[in-house]
Amino acid sequence: MLRVLTLASGGGSNLRALCAAQAHLGYTVVGVVTDREGIGALAFAASEGIPTCTVLPKAHPNRPAWDAALAETCASFSPDLVVLAGFMRIVGPTVVAAFRGRIVNVHPALLPSFPGVDGPAQALRAGVRVSGCTVHVVDEGLDSGPILAQATVPVLPGDTAAALHQRIQTAEHALLPAVVGAVARGDLSLGAAPVWNRWPAPSTGAAASTFYPPVTASPPGAPHPT
Ligand code: GRF
């Protein structure tokens with residue numbers, strides 16, 4: 001079973017989605033590491049009995065020291081895959097080196113457009129008519145690693161950044177578990193040059209989002225799509 005460690009900074013809706021799908025997608029969330037206290041992701045993990053650890057930047061003298069502590073903490077969970085699910089800091093070179101090719105991030109925009117903070121607001125300011133989310137491998141840059149999968153959502157008249165972000169998050173909650181499930185099955189190989197070994201079959205259901213590749217994450221209890 002693929003051991004997934006999740007890093008989070010906020011409400012943890014992607015963590016919830018990952019946990020909801022884990023039984024039928026063949027991975028297990030073994031821990032949650034945060035850079036903040038008192039957040040929804042920690043409350044959810046506690047309610048599910050998932051081990052947690054918080055590595056506060058202010059508890060360390062500088063960024064390299066925090067980076068090293070974060071790497072050590074992550075390693076203590078012996079993860080096969082590290083998933084940044086709303087982790088709002090750039091992980092440092094020590095973490096990237098420790099888990100090179102085994103860290104993925106979900107970003108609320110269609111990379112390489114609109115990296116960094118406020119992806120939905122950036123998309124609105126640019127006037128794009130389509131936005132979405134991206135799951136990509138993490139490297140030393142800012143949302144710059146190889147793209148694994150994307151889902152698109154429309155930008156609607158009168159959208160606010162919050163409304164667009166909510167629509168994007170609904171897509172994230174399907175895309176992120178589907179990508180992790182694909183890694184667990186061996187359909188997707190990560191590493192320096194990620195490759196889809198099996199391109200998933202198209203989803204047959206009507207969807208508000210379009211997924212590239214057409215990954216599907218069945219609801220809990222449903223038979224696995226493959
Ligand atoms: C997500 O939209 C993700 O793309 C971004 O941060 C948000 C986290 O939301 N990086 P949540 O904590 O998973 O609810």
# chains A, B, ... in the order shown; residues from 1 in each chain; ligands from 1
$ residues_around --residues "segment 9-26 of chain A" --least-positions-apart "2" --cutoff "9 Å" --atoms "only C-alpha atoms" --output "PyMOL selection string"
chain A and resi 1-2+6-7+28-29+32-37+39-45+85-89+106+169+172-174+176-178+180-182+184-185+217-224
$ select_by_dssp --residues "segment 55-191 of chain A" --states "strand (DSSP E)" --output "PyMOL selection string"
chain A and resi 81-84+103-107+130-137+147-154+188-189
$ residues_around --residues "Ser189 of chain A" --least-positions-apart "3" --cutoff "12 Å" --atoms "only C-alpha atoms" --output "ChimeraX atom specification"
/A:81,101-102,137,148,179-186,192-199
$ residues_around --residues "Ser144 of chain A" --least-positions-apart "5" --cutoff "9 Å" --atoms "only C-alpha atoms" --output "compact mmCIF listing (two decimals) with all heavy atoms, in the first residue's frame"
# COMPACT_ATOMS: atom_id res chain seq x y z
N LEU A 111 -1.23 25.77 -14.49
CA LEU A 111 0.19 26.09 -14.68
C LEU A 111 0.59 25.79 -16.13
O LEU A 111 0.00 24.91 -16.75
CB LEU A 111 1.04 25.26 -13.71
CG LEU A 111 0.83 25.57 -12.22
CD1 LEU A 111 1.57 24.56 -11.35
CD2 LEU A 111 1.28 26.99 -11.90
N PRO A 112 1.56 26.48 -16.70
CA PRO A 112 2.46 27.41 -16.00
C PRO A 112 1.88 28.82 -15.81
O PRO A 112 2.62 29.70 -15.34
CB PRO A 112 3.69 27.44 -16.92
CG PRO A 112 3.12 27.22 -18.28
CD PRO A 112 1.98 26.25 -18.08
N PRO A 115 1.35 31.00 -11.28
CA PRO A 115 1.97 30.32 -10.14
C PRO A 115 1.94 31.20 -8.89
O PRO A 115 1.60 32.39 -8.98
CB PRO A 115 3.41 30.10 -10.62
CG PRO A 115 3.65 31.25 -11.55
CD PRO A 115 2.33 31.52 -12.24
N HIS A 136 1.28 18.67 -9.92
CA HIS A 136 2.62 18.62 -10.53
C HIS A 136 3.65 18.12 -9.53
O HIS A 136 3.43 18.17 -8.31
CB HIS A 136 3.02 20.01 -11.06
CG HIS A 136 3.22 21.03 -9.97
ND1 HIS A 136 4.44 21.33 -9.44
CD2 HIS A 136 2.32 21.81 -9.30
CE1 HIS A 136 4.30 22.26 -8.50
NE2 HIS A 136 3.03 22.56 -8.39
N VAL A 137 4.77 17.65 -10.06
CA VAL A 137 5.89 17.25 -9.22
C VAL A 137 6.56 18.51 -8.69
O VAL A 137 6.67 19.52 -9.40
CB VAL A 137 6.90 16.41 -10.04
CG1 VAL A 137 8.13 16.07 -9.19
CG2 VAL A 137 6.23 15.13 -10.55
N VAL A 138 6.99 18.46 -7.45
CA VAL A 138 7.63 19.61 -6.83
C VAL A 138 9.13 19.56 -7.05
O VAL A 138 9.77 18.52 -6.81
CB VAL A 138 7.31 19.64 -5.32
CG1 VAL A 138 8.14 20.69 -4.59
CG2 VAL A 138 5.81 19.88 -5.11
N ASP A 139 9.66 20.69 -7.55
CA ASP A 139 11.12 20.85 -7.62
C ASP A 139 11.48 22.09 -6.80
O ASP A 139 10.67 22.58 -6.01
CB ASP A 139 11.60 20.91 -9.07
CG ASP A 139 11.03 22.10 -9.84
OD1 ASP A 139 10.45 23.01 -9.20
OD2 ASP A 139 11.17 22.12 -11.08
$ closest_residue --among "A:Val128, A:Leu56, A:Val135, A:Ala151" --to "Leu84 of chain A" --atoms "only C-alpha atoms"
A:Val135
